[in-house]
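Right, one structure below, let's go through it.
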Amino acid sequence: MNIRELLGRRLLFFDGAMGTLLQERGLAAGEAPEPWNLTHPETIENIHRTYLDAGCDIVKTNTFGANPIKLHNSEYTTEKVVTAAVRIARRAADACGRRAFVAMDIGPTGKLLRPLGDLDFEKAYDAFREAAVAGEKAGADLILIETMSDTYEAKAALLAAKENTALPVFVTLIFDEKGKLLTGGTVEAAVALLEGLGADAIGFNCGRGPDQMLPLLSELREYCSLPILINPNAGLPRSVKGKTLFDVGPDSFAESMRCLAKNGVWLLGGCCGTTPEHIRAMVERCRDLSPLPFDPKNRTVVSSYARAVSFGKRPVLIGERINPTGKKRFKQALRENDIDYILREGVAQQQRGAHILDVNVGLPEIDEPVVMAKAVSGLQSILDLPLQLDTSDPETMAKAMRLYNGKPLVNSVNGKRESMEQIFPLVKRYGGVVIALTLDENGIPETAEGRLAIAENIIRTAALYGIDKKDIVVDPLAMTVSAEQSAAAVTLEALQLIRERLGVPTSLGVSNISFGLPQRDNINAAFFTMAMQNGLGAAILNPHSDAMMTAYYSFCALSGADEQCMAYISRYSGQTVSASPAADQEIGLYDAILRGLKDSAAHSARRLLEEKAPLEIINQVMIPALDEVGKAFEAGRLFLPQLLMSADAAKAAFEAVRNGMGGEKAREQSRKEKVILATVKGDIHDIGKNIVKVLLDNYGYEVIDLGKDVAPEIIVSAAREQRVPLVGLSALMTTTVPSMEQTILLLHEEGVDCKVMVGGAVMTQEYADSIGADFYSPDAMGSVRYANRLFGHEQ
């Protein structure tokens, strides 16, 4: 019986930590564990056997960092390391006297993907593909993608595994204490993406103990229709006499894991700090439980990296303005590759209340796949709204869906066989909710029943591709009433029929109804209200239209969709709604930085130089804007992508200011103290360190970046020679935190006069205190705040 067949029949148990046990067996601080598959195979096999003796069903291979990106400086290839690791685990599993499974373990690359970082999506995909293929070839039973803090990297890994192997793929993510991924993703948004891509089980690991994962589990159960897997740490880490210890013992761990199992977890195991004793206690405490059944949620939901939008609670507003049809200025922007104009249009529509943004860049004279990719990437870097990918070109759609970070809305498919053959394979491969237009080879039916019949055929055909009807939104098409008096009535009847007989959401391009008539907003708003009354699920409209937005908020208040009329009151109470700046209007430097608009920031900075002194611009506009961004980030109103894009915008503005006053003169006048940053010895995960670097640089500090896998002696030497008053150290893995402590001890022993701030996924305040750090920050902005306090630069 394979692992898929066992899911739901009984609880399944993973093993615990590998690094914790390797450290006990001589793995040095900062030493990579993966080469031990080749240099110490007996030790690795013994650890697997110990976990199997404790009762686990699934052992994870010692391959967390085995990919070409992490092993590029190693003497061993990815294939060699993975093959050895899987064969070791296979021997142990086959010798245990019962059916046990080998999970090919795939961890993150340690890098941020573009546009936030420097790792290309396809390069990440290739790295994961190489590891996954080697794992399957060597005999793994499944693939476990774990400790993912970015849905985009998780997508690259999941696609690589699904497209290149036949193995089941489980995915676990690492959430912070606020219930967010590093890049701002929510549980709901992550579930939408992973389910859409075809994961076999999803859940959480690392970062938190079992008790802290219970609230996250409740949220996951609300949205998830797949088996749930949880591998928590043994509580929180602390340092005792140079050793990393965890605060949850085997009995407490087992009791907490029993609680998780009783609340719906099907697969249970451990991560950092868990030992065979933890696993044995867990198995004994949970073996009498049966998996709690779950019901398919049947939710129609799209997502960005950070936000999910579901259909059904209230009508969804899809902003239509990123589309060249009838827009001369937009066409000009596309021809001139003016992506900043597209971004400004996106920002303006979000400010006006759009829930989803339609993105259409189709012009005959441009390279549509390339421009679409730029537009999608740019919009996702500054906005957290889901996108509707709108194109009639299959190549453009395929590229956009592959690169999209989330579960997109796909516009569109229709009842023509050619259309369904082109679009449905893409929806199945990449996940998505598809707009289904009620037209076919015979055109658009004149009756509501005719349009219903096409919708039924589309849903039947989609099922043949493995696409559930919950991932279909039917558009019965609004035809212009000036050409056919009954057009509105037919569309409204079709809305009702589709909702009642098919049970799927509906969508309309509302403004089509008024084509050729004067004062179109009057007709549009009235028809929009009638359509909502007839069950319209989503509308593609212009959010800058006051008439349309008033109709929407009024309808929601009157229909009960707006609880206690709070949204209506918030929008209209005591004030008139001010119009958001249109994409072709000037945007100020402060707002450009706030919105992460790089080109606009540079342009506004150059204009300000005509009115203000350079240091006034920096201190009175740029730094306050960055402070506002930082506060929004810390409050959870803004996420890492926007934080980094705002930093990029500030950098572009600073370059404009610097060039306007004589090159290096501006930099010298605004430069603050020196700060050293380094990822400690043995750790090549430099995401956190790089984020801190970007922010400190924008606040004017002179950052000396020593890179990753940096020995204590190098850090001490640099701090002494350059007389640096602040050193920042980062570590992701529990196996490398001892290197952080060694660095701090050496700084003190050598008498280097500096403060030390630390951060990383495994760090806590208690841990930081125990290793002698002066400051611990759970996020990048905290490091900036500490530097400002330390050097007296607080605003």
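In the structure tokens, the first chain shown is A, the next is B, and so on; residue numbers restart at 1 for each chain, and ligands run from 1 in the order shown.
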
| request: Write down as a ChimeraX atom specification the residues belonging to stretch 32-214 of chain A that are assigned helix (DSSP H, G or I) by DSSP computed on the backbone. | output: /A:36-39,41-53,78-94,121-138,151-164,187-197,210-214

| request: For stretch 268-285 of chain A, please output as number ranges by chain all residues within 9 Å (counting only C-alpha atoms; exclusion window: fewer than 2 positions along the same chain). | output: A: 11-21, 47, 50-56, 58, 205-207, 228-237, 244-258, 260-261, 265-266, 287-289, 733-734, 762

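Near A:Ser600, within 8 Å and counting only C-alpha atoms, sit Asp340, Ile587, Gly588, Leu589, Ala592, Leu597, His603 and Ser604 of chain A; same-chain residues fewer than 3 positions away were not included.
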
| query | Neighbours of stretch 129-133 of chain A within 9 Å (only C-alpha atoms; same-chain residues fewer than 5 positions away dropped), as a PyMOL selection string? | reply | chain A and resi 63+66-68+78-79+82+104-106+124+138+143+156-157+159-161+163-165

Produce a file of the selected residues containing N, CA, C and O atoms, as a short mmCIF file (atom, residue, chain, number, x, y, z; two decimals), in the first residue's frame.
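Everything below was put into part_3.cif:
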data_model
loop_
_atom_site.label_atom_id
_atom_site.label_comp_id
_atom_site.auth_asym_id
_atom_site.auth_seq_id
_atom_site.Cartn_x
_atom_site.Cartn_y
_atom_site.Cartn_z
N THR A 63 18.60 15.75 3.41
CA THR A 63 18.82 16.49 2.16
C THR A 63 18.20 17.89 2.21
O THR A 63 17.93 18.46 1.16
N ALA A 66 20.17 20.07 0.07
CA ALA A 66 20.82 19.41 -1.07
C ALA A 66 20.21 19.90 -2.37
O ALA A 66 19.30 19.28 -2.93
N ASN A 67 20.69 21.01 -2.87
CA ASN A 67 20.30 21.51 -4.19
C ASN A 67 21.49 22.25 -4.79
O ASN A 67 22.42 22.64 -4.07
N PRO A 68 21.51 22.46 -6.09
CA PRO A 68 22.68 23.06 -6.74
C PRO A 68 23.02 24.46 -6.23
O PRO A 68 24.19 24.88 -6.30
N THR A 78 24.65 17.56 -6.39
CA THR A 78 23.33 17.34 -5.81
C THR A 78 22.89 15.90 -5.99
O THR A 78 22.39 15.26 -5.05
N GLU A 79 23.06 15.36 -7.18
CA GLU A 79 22.63 13.99 -7.45
C GLU A 79 23.36 12.99 -6.55
O GLU A 79 22.74 12.05 -6.02
N VAL A 82 22.00 13.44 -2.86
CA VAL A 82 20.62 12.97 -2.74
C VAL A 82 20.55 11.45 -2.89
O VAL A 82 19.86 10.77 -2.11
N MET A 104 11.76 12.25 0.55
CA MET A 104 12.84 13.07 0.02
C MET A 104 12.63 14.50 0.52
O MET A 104 11.66 15.17 0.16
N ASP A 105 13.52 14.97 1.38
CA ASP A 105 13.37 16.26 2.04
C ASP A 105 13.96 17.38 1.19
O ASP A 105 15.14 17.32 0.82
N ILE A 106 13.13 18.39 0.89
CA ILE A 106 13.58 19.55 0.11
C ILE A 106 13.32 20.81 0.92
O ILE A 106 12.18 21.11 1.27
N ALA A 124 15.37 28.68 -9.69
CA ALA A 124 14.92 27.97 -8.49
C ALA A 124 14.22 26.67 -8.89
O ALA A 124 14.46 25.60 -8.29
N ALA A 138 16.40 7.44 -6.85
CA ALA A 138 17.10 6.68 -5.81
C ALA A 138 16.15 5.84 -4.96
O ALA A 138 16.60 5.02 -4.16
N ILE A 143 7.83 13.17 -1.66
CA ILE A 143 8.67 14.37 -1.53
C ILE A 143 8.05 15.27 -0.48
O ILE A 143 6.84 15.52 -0.50
N ALA A 156 7.65 27.19 -6.99
CA ALA A 156 8.73 26.69 -7.83
C ALA A 156 9.08 25.25 -7.46
O ALA A 156 9.27 24.39 -8.33
N ALA A 157 9.15 24.96 -6.16
CA ALA A 157 9.49 23.61 -5.71
C ALA A 157 8.38 22.61 -6.03
O ALA A 157 8.64 21.49 -6.49
N LEU A 159 5.97 22.84 -8.34
CA LEU A 159 5.90 22.61 -9.79
C LEU A 159 7.01 21.67 -10.25
O LEU A 159 6.77 20.76 -11.05
N ALA A 160 8.22 21.90 -9.74
CA ALA A 160 9.36 21.07 -10.14
C ALA A 160 9.12 19.61 -9.78
O ALA A 160 9.42 18.70 -10.57
N ALA A 161 8.57 19.37 -8.59
CA ALA A 161 8.31 17.99 -8.16
C ALA A 161 7.17 17.37 -8.94
O ALA A 161 7.25 16.21 -9.37
N GLU A 163 5.91 18.21 -11.94
CA GLU A 163 6.11 18.12 -13.39
C GLU A 163 7.19 17.12 -13.77
O GLU A 163 7.27 16.72 -14.94
N ASN A 164 8.02 16.71 -12.82
CA ASN A 164 9.17 15.87 -13.17
C ASN A 164 9.24 14.55 -12.42
O ASN A 164 10.15 13.76 -12.66
N THR A 165 8.30 14.30 -11.51
CA THR A 165 8.25 13.02 -10.82
C THR A 165 6.79 12.57 -10.72
O THR A 165 5.87 13.36 -10.94
#

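The nearest approach to A:Ala192 among the residues A:Val309, A:Val756, A:Ala632, A:Leu27, with only C-alpha atoms taken into account, belongs to A:Val309.
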
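Comparing A:Ala635, A:Val316, A:Glu421, A:Ile322 by their smallest distance to A:Ala375, the closest is A:Ile322 (using only C-alpha atoms).
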
| query | Leaving out stretch 478-483 of chain A and any residue of its chain fewer than 4 positions from it, which residues lie within 8 Å of it when counting only C-alpha atoms, given as a PyMOL selection string? | reply | chain A and resi 487-488+491+508-510+512-517

For the selection just defined, write its residues with C-alpha atoms to a file, as a short mmCIF file (atom, residue, chain, number, x, y, z; two decimals), in the first residue's frame.
data_model
loop_
_atom_site.label_atom_id
_atom_site.label_comp_id
_atom_site.auth_asym_id
_atom_site.auth_seq_id
_atom_site.Cartn_x
_atom_site.Cartn_y
_atom_site.Cartn_z
CA ALA A 487 -30.48 42.20 -23.95
CA ALA A 488 -30.50 43.19 -20.29
CA THR A 491 -28.59 38.43 -19.20
CA LEU A 508 -20.15 40.32 -16.06
CA GLY A 509 -18.41 43.08 -17.92
CA VAL A 510 -21.09 45.48 -16.75
CA ASN A 512 -20.96 46.61 -22.14
CA ILE A 513 -24.68 47.08 -21.50
CA SER A 514 -24.56 50.84 -22.23
CA PHE A 515 -22.37 50.95 -25.32
CA GLY A 516 -23.55 53.66 -27.73
CA LEU A 517 -25.68 55.51 -25.19
#

| said: Need the shell around A:Ser392: protein/DNA/RNA residues with any atom at most 10 Å away, counting only C-alpha atoms. Skip same-chain ones fewer than 6 positions apart. Format as a list of chain:residue names? | reply: A:Asn360, A:Gly362, A:Asn411, A:Ser412, A:Val413, A:Ser419, A:Ile423

Selected residues, N, CA and C atoms, written as a short mmCIF file (atom, residue, chain, number, x, y, z; two decimals), in the first residue's frame, please.
data_model
loop_
_atom_site.label_atom_id
_atom_site.label_comp_id
_atom_site.auth_asym_id
_atom_site.auth_seq_id
_atom_site.Cartn_x
_atom_site.Cartn_y
_atom_site.Cartn_z
N ASN A 360 -4.61 43.28 -18.89
CA ASN A 360 -4.62 42.99 -20.31
C ASN A 360 -3.67 43.96 -20.99
N GLY A 362 -2.68 43.45 -24.38
CA GLY A 362 -2.67 43.00 -25.76
C GLY A 362 -2.70 44.12 -26.78
N ASN A 411 -8.92 34.89 -17.51
CA ASN A 411 -9.92 35.47 -18.40
C ASN A 411 -9.46 35.28 -19.86
N SER A 412 -9.93 34.26 -20.55
CA SER A 412 -11.08 33.45 -20.20
C SER A 412 -11.04 32.20 -21.06
N VAL A 413 -12.08 31.34 -20.85
CA VAL A 413 -12.36 30.22 -21.73
C VAL A 413 -13.77 30.41 -22.26
N SER A 419 -10.86 26.65 -27.67
CA SER A 419 -10.60 27.43 -26.47
C SER A 419 -10.40 26.53 -25.26
N ILE A 423 -7.02 26.27 -22.87
CA ILE A 423 -7.02 26.87 -21.54
C ILE A 423 -7.09 25.85 -20.40
#

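If you look at atom CA of A:His544 and atom CA of A:Asn323, they are 14.5 Å away from each other.
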
| request: Name the residues in contact with A:Ala678 at a cut-off of 10 Å, using only C-alpha atoms, excluding same-chain residues fewer than 2 positions from it; report them as number ranges by chain. | output: A: 676, 680-681, 683, 686, 689-690, 693, 704-712, 714-715, 727-731, 740, 758

| query | atom CA of A:Arg10 and atom CA of A:Asp57, how far apart in Å? | reply | 11.1 Å

| request: Can you list, as a PyMOL selection string, all residues belonging to stretch 199-287 of chain A that DSSP tags as strand (DSSP E)? | output: chain A and resi 201-205+228-231+237-240+243-246+267-268

| query | Rounded to one decimal in Å, what is the spacing between atom CA of A:Lys162 and atom CA of A:Ile174? | reply | 21.2 Å

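Nearest to A:Val191 of all the residues A:Ile342, A:Ala306, A:Val361, A:Leu267 is A:Ala306, counting only C-alpha atoms.
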
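Proximity ranking of A:Pro364, A:Pro291, A:Gly139, A:Gly179 relative to A:Leu167 places A:Gly139 first, based on only C-alpha atoms.
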